[in-house]
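Peer 1: Okay, so here is data38.csv, and as you'll see once you scroll down, it has CSV, C-alpha atoms.
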```
chain,number,residue,atom,x,y,z
Y,1,MET,CA,-29.7,-6.8,22.4
Y,2,SER,CA,-26.3,-5.4,23.2
Y,3,THR,CA,-24.0,-3.8,20.7
Y,4,PRO,CA,-20.9,-5.9,20.1
Y,5,ALA,CA,-17.6,-4.4,21.2
Y,6,PRO,CA,-15.5,-3.0,18.4
Y,7,ALA,CA,-12.9,-5.4,17.0
Y,8,PRO,CA,-9.3,-4.8,18.1
Y,9,ILE,CA,-7.2,-3.1,15.4
Y,10,GLY,CA,-4.3,-5.4,15.9
Y,11,ARG,CA,-2.9,-8.2,18.1
Y,12,PHE,CA,-0.3,-6.1,19.9
Y,13,PRO,CA,-0.9,-3.3,22.4
Y,14,ILE,CA,-1.7,0.1,20.9
Y,15,PRO,CA,-0.1,3.2,22.5
Y,16,THR,CA,-2.2,6.2,23.3
Y,17,LEU,CA,-1.3,9.4,21.4
Y,18,ALA,CA,-0.2,10.9,24.6
Y,19,GLU,CA,2.5,8.2,25.1
Y,20,LEU,CA,4.1,8.8,21.7
Y,21,PRO,CA,7.1,10.9,20.9
Y,22,ASP,CA,6.2,14.4,19.7
Y,23,ASP,CA,7.2,13.9,16.1
Y,24,ILE,CA,5.1,10.7,15.7
Y,25,ARG,CA,2.1,12.2,17.5
Y,26,THR,CA,2.3,15.3,15.3
Y,27,ARG,CA,2.4,13.2,12.2
Y,28,ILE,CA,-0.6,11.1,13.3
Y,29,GLU,CA,-2.6,14.2,14.2
Y,30,ALA,CA,-1.8,15.8,10.8
Y,31,VAL,CA,-3.1,12.6,9.1
Y,32,GLN,CA,-6.2,12.6,11.3
Y,33,GLU,CA,-6.9,16.2,10.5
Y,34,LYS,CA,-6.5,15.6,6.7
Y,35,SER,CA,-8.5,12.4,6.5
Y,36,GLY,CA,-10.9,12.7,9.4
Y,37,PHE,CA,-9.6,9.5,11.1
Y,38,ILE,CA,-6.4,7.8,12.1
Y,39,PRO,CA,-5.5,4.9,9.7
Y,40,ASN,CA,-4.8,1.9,11.9
Y,41,VAL,CA,-1.4,1.3,10.4
Y,42,PHE,CA,-0.2,4.4,12.2
Y,43,LEU,CA,-1.4,3.2,15.5
Y,44,VAL,CA,-0.2,-0.3,15.2
Y,45,LEU,CA,3.3,0.7,14.0
Y,46,ALA,CA,3.6,3.5,16.6
Y,47,ARG,CA,4.5,1.0,19.3
Y,48,ARG,CA,8.0,0.9,17.8
Y,49,PRO,CA,8.9,4.5,17.2
Y,50,ASP,CA,12.2,4.0,15.4
Y,51,GLU,CA,10.7,1.5,13.1
Y,52,PHE,CA,7.6,3.7,12.6
Y,53,ARG,CA,9.9,6.6,11.4
Y,54,ALA,CA,11.9,4.3,9.1
Y,55,PHE,CA,8.8,2.7,7.6
Y,56,PHE,CA,7.0,6.0,6.9
Y,57,ALA,CA,10.2,7.7,5.6
Y,58,TYR,CA,10.7,4.9,3.0
Y,59,HIS,CA,6.9,4.8,2.3
Y,60,ASP,CA,6.9,8.5,1.5
Y,61,ALA,CA,10.1,8.3,-0.6
Y,62,LEU,CA,8.5,5.6,-2.8
Y,63,MET,CA,4.8,6.7,-2.9
Y,64,ASP,CA,5.0,10.6,-2.9
Y,65,LYS,CA,7.8,11.3,-5.3
Y,66,PRO,CA,7.5,12.7,-8.8
Y,67,GLY,CA,8.3,10.5,-11.7
Y,68,ASN,CA,6.9,8.6,-14.7
Y,69,LEU,CA,4.7,6.4,-12.5
Y,70,THR,CA,1.6,8.2,-11.5
Y,71,LYS,CA,0.4,8.1,-7.9
Y,72,ALA,CA,-2.5,5.9,-9.1
Y,73,GLU,CA,-0.1,3.4,-10.8
Y,74,ARG,CA,1.9,3.2,-7.6
Y,75,GLU,CA,-1.3,2.3,-5.8
Y,76,MET,CA,-2.1,-0.3,-8.5
Y,77,ILE,CA,1.2,-2.1,-7.6
Y,78,VAL,CA,0.3,-2.0,-3.9
Y,79,VAL,CA,-3.2,-3.3,-4.4
Y,80,ALA,CA,-2.2,-6.1,-6.8
Y,81,THR,CA,0.8,-7.4,-4.8
Y,82,SER,CA,-1.1,-7.0,-1.5
Y,83,ALA,CA,-4.0,-9.1,-2.8
Y,84,ALA,CA,-1.5,-11.8,-3.9
Y,85,ASN,CA,0.0,-11.6,-0.4
Y,86,GLN,CA,-3.5,-11.9,1.1
Y,87,CYS,CA,-3.1,-8.6,3.1
Y,88,GLN,CA,-6.6,-7.4,3.9
Y,89,TYR,CA,-5.4,-4.2,5.4
Y,90,CYS,CA,-3.3,-3.1,2.4
Y,91,VAL,CA,-5.9,-4.1,-0.1
Y,92,VAL,CA,-8.7,-2.2,1.6
Y,93,ALA,CA,-6.7,0.9,2.6
Y,94,HIS,CA,-4.7,1.2,-0.7
Y,95,GLY,CA,-7.8,0.2,-2.7
Y,96,ALA,CA,-9.5,3.3,-1.3
Y,97,ILE,CA,-6.5,5.4,-2.2
Y,98,LEU,CA,-6.4,3.9,-5.7
Y,99,ARG,CA,-10.1,4.7,-6.2
Y,100,ILE,CA,-9.5,8.3,-5.3
Y,101,ARG,CA,-6.2,8.7,-7.3
Y,102,ALA,CA,-7.6,7.0,-10.4
Y,103,LYS,CA,-10.9,8.7,-10.0
Y,104,ASN,CA,-12.5,5.3,-10.7
Y,105,PRO,CA,-14.7,3.5,-8.2
Y,106,LEU,CA,-14.3,0.1,-10.0
Y,107,LEU,CA,-10.6,-0.2,-10.7
Y,108,ALA,CA,-9.3,-1.1,-7.2
Y,109,ASP,CA,-11.6,-4.1,-6.9
Y,110,GLN,CA,-10.7,-5.2,-10.4
Y,111,VAL,CA,-7.0,-5.0,-9.6
Y,112,ALA,CA,-7.4,-6.8,-6.3
Y,113,ILE,CA,-9.3,-9.7,-7.7
Y,114,ASN,CA,-7.5,-10.2,-11.0
Y,115,TYR,CA,-5.4,-7.4,-12.4
Y,116,ARG,CA,-5.0,-9.3,-15.7
Y,117,LYS,CA,-8.7,-8.7,-16.4
Y,118,ALA,CA,-8.9,-5.2,-15.0
Y,119,ASP,CA,-9.4,-2.1,-17.1
Y,120,LEU,CA,-5.7,-1.4,-17.4
Y,121,THR,CA,-3.5,-0.4,-20.3
Y,122,PRO,CA,-0.9,-2.9,-21.6
Y,123,ARG,CA,1.7,-0.7,-20.0
Y,124,GLN,CA,0.1,-1.0,-16.6
Y,125,LYS,CA,-0.3,-4.7,-16.9
Y,126,ALA,CA,3.4,-5.1,-17.8
Y,127,MET,CA,4.2,-2.9,-14.7
Y,128,ILE,CA,2.1,-5.2,-12.4
Y,129,ASP,CA,3.5,-8.4,-14.1
Y,130,PHE,CA,6.9,-7.2,-13.1
Y,131,ALA,CA,5.9,-6.2,-9.6
Y,132,MET,CA,4.4,-9.7,-9.1
Y,133,LYS,CA,7.6,-11.3,-10.3
Y,134,VAL,CA,9.6,-9.2,-7.9
Y,135,SER,CA,7.1,-10.2,-5.1
Y,136,PHE,CA,7.3,-13.9,-5.7
Y,137,HIS,CA,10.3,-14.7,-7.9
Y,138,ALA,CA,12.8,-11.9,-7.6
Y,139,TYR,CA,15.6,-14.4,-8.1
Y,140,ALA,CA,14.4,-14.9,-11.6
Y,141,VAL,CA,14.3,-11.2,-12.7
Y,142,GLY,CA,16.6,-10.8,-15.7
Y,143,ASP,CA,17.5,-8.6,-18.6
Y,144,ASP,CA,14.4,-9.8,-20.5
Y,145,ASP,CA,12.2,-8.2,-17.8
Y,146,MET,CA,14.1,-4.9,-18.2
Y,147,ALA,CA,13.6,-5.1,-22.0
Y,148,THR,CA,9.9,-5.7,-21.6
Y,149,LEU,CA,9.5,-2.8,-19.3
Y,150,ALA,CA,11.6,-0.6,-21.7
Y,151,GLU,CA,9.3,-1.6,-24.6
Y,152,HIS,CA,6.4,-0.1,-22.5
Y,153,GLY,CA,8.2,3.1,-21.9
Y,154,PHE,CA,9.6,2.5,-18.5
Y,155,THR,CA,13.0,3.9,-17.7
Y,156,PRO,CA,15.6,2.2,-15.4
Y,157,ASP,CA,14.4,4.5,-12.6
Y,158,ASP,CA,10.8,3.5,-13.2
Y,159,THR,CA,11.9,-0.1,-13.0
Y,160,TRP,CA,13.6,0.5,-9.7
Y,161,ASP,CA,10.5,2.2,-8.4
Y,162,ILE,CA,8.3,-0.7,-9.4
Y,163,ALA,CA,10.6,-3.2,-7.7
Y,164,ALA,CA,11.0,-1.0,-4.6
Y,165,ILE,CA,7.3,-0.6,-4.2
Y,166,ALA,CA,6.6,-4.3,-4.6
Y,167,ALA,CA,9.4,-5.2,-2.1
Y,168,PHE,CA,8.5,-2.6,0.5
Y,169,PHE,CA,4.9,-3.6,0.5
Y,170,GLY,CA,5.9,-7.2,0.8
Y,171,LEU,CA,7.3,-6.2,4.2
Y,172,SER,CA,4.2,-4.1,4.9
Y,173,ASN,CA,1.9,-7.0,4.0
Y,174,ARG,CA,3.7,-9.4,6.2
Y,175,MET,CA,3.7,-7.1,9.2
Y,176,ALA,CA,0.0,-6.3,8.7
Y,177,ASN,CA,-0.8,-10.0,8.6
Y,178,VAL,CA,1.4,-10.8,11.7
Y,179,THR,CA,0.0,-7.9,13.7
Y,180,SER,CA,-3.6,-8.8,12.5
Y,181,MET,CA,-4.0,-5.2,11.5
Y,182,ARG,CA,-7.7,-4.4,10.8
Y,183,PRO,CA,-8.7,-1.9,8.1
Y,184,ASN,CA,-10.5,1.1,9.3
Y,185,ASP,CA,-14.2,1.0,8.4
Y,186,GLU,CA,-13.8,4.5,6.7
Y,187,PHE,CA,-11.7,3.0,3.9
Y,188,TYR,CA,-14.5,0.8,2.6
Y,189,ALA,CA,-16.6,3.7,1.4
Y,190,MET,CA,-13.9,6.1,0.2
Y,191,GLY,CA,-13.9,6.9,-3.5
Y,192,ARG,CA,-17.1,4.9,-4.3
```
What would you get if you wrote out this structure as structure tokens?

Peer 2:
Amino acid sequence: MSTPAPAPIGRFPIPTLAELPDDIRTRIEAVQEKSGFIPNVFLVLARRPDEFRAFFAYHDALMDKPGNLTKAEREMIVVATSAANQCQYCVVAHGAILRIRAKNPLLADQVAINYRKADLTPRQKAMIDFAMKVSFHAYAVGDDDMATLAEHGFTPDDTWDIAAIAAFFGLSNRMANVTSMRPNDEFYAMGR
């Protein structure tokens, strides 16, 4: 019996590392050294270097900054909105990151399936409720949403961050789905 060929990581051609501009290759190699593998998002997006740079600059600005939202809470927003957008790549990849950042092997699956029943605080549920509204009904966001978030201790900057993360990952989810981006097998076992 023969071993099946590995599934492609996306529907568009993937450049080799040698073909990439130095700055992108260096970033990918640094990620590979740190994690032990290259997340497929880097390879799929590398085919368009200017967009790769812009994407990861905004990603880093949103996800790695200090603030009142913890890194785990930022990942909760990504996992919940990505699940609602049916983005397999982002749910699996960011679910792994959420398990690690929350130090909880159960939380990512709970958030992905139904965040309303997940082991979250009322503050975190309000945060995700708002992120979901931004994802699907941003036109309906109003002062009452700001008041609800403020009641849970969120500042105007926190509110901006929640909205920006939901909006950015809406773009990411759509591109991952269009490119048929496949999650790396390594993500499934991380943080379990």

Peer 1: In the coordinate frame of the file, compute which residues have an atom within 12 Å of (-15.7, 0.9, 6.6) when using all atoms listed in the file, and state them as a PyMOL selection string.

Peer 2: chain Y and resi 37+39+89+92-93+96+182-192

Peer 1: Given the point (6.3, -12.0, -10.0) in the coordinates of this file, which residues lie within 10 Å, counting only C-alpha atoms, and how would they look as JSON, numbers by chain?

Peer 2: {"Y": [81, 84, 128, 129, 130, 131, 132, 133, 134, 135, 136, 137, 138, 139, 140, 141, 166]}

Peer 1: Separation of atom CA of Asp145 of chain Y and atom CA of Gln124 of chain Y, in Å?

Peer 2: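 Atom-to-atom, atom CA of Asp145 of chain Y to atom CA of Gln124 of chain Y, that is 14.1 Å.
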
Peer 1: So that I can check the surroundings of Gln86 of chain Y, please list as an MDAnalysis selection string every protein, DNA and RNA residue that reaches within 12 Å of it, counting only C-alpha atoms and ignoring chain neighbours fewer than 3 positions away.

Peer 2: chainID Y and resid 78:83 89:92 112:113 169:170 172:178 180

Peer 1: I'd like the interatomic distance between atom CA of Arg116 of chain Y and atom CA of Arg101 of chain Y, to a tenth of an Å.

Peer 2: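 Atom-to-atom, atom CA of Arg116 of chain Y to atom CA of Arg101 of chain Y, that is 19.9 Å.
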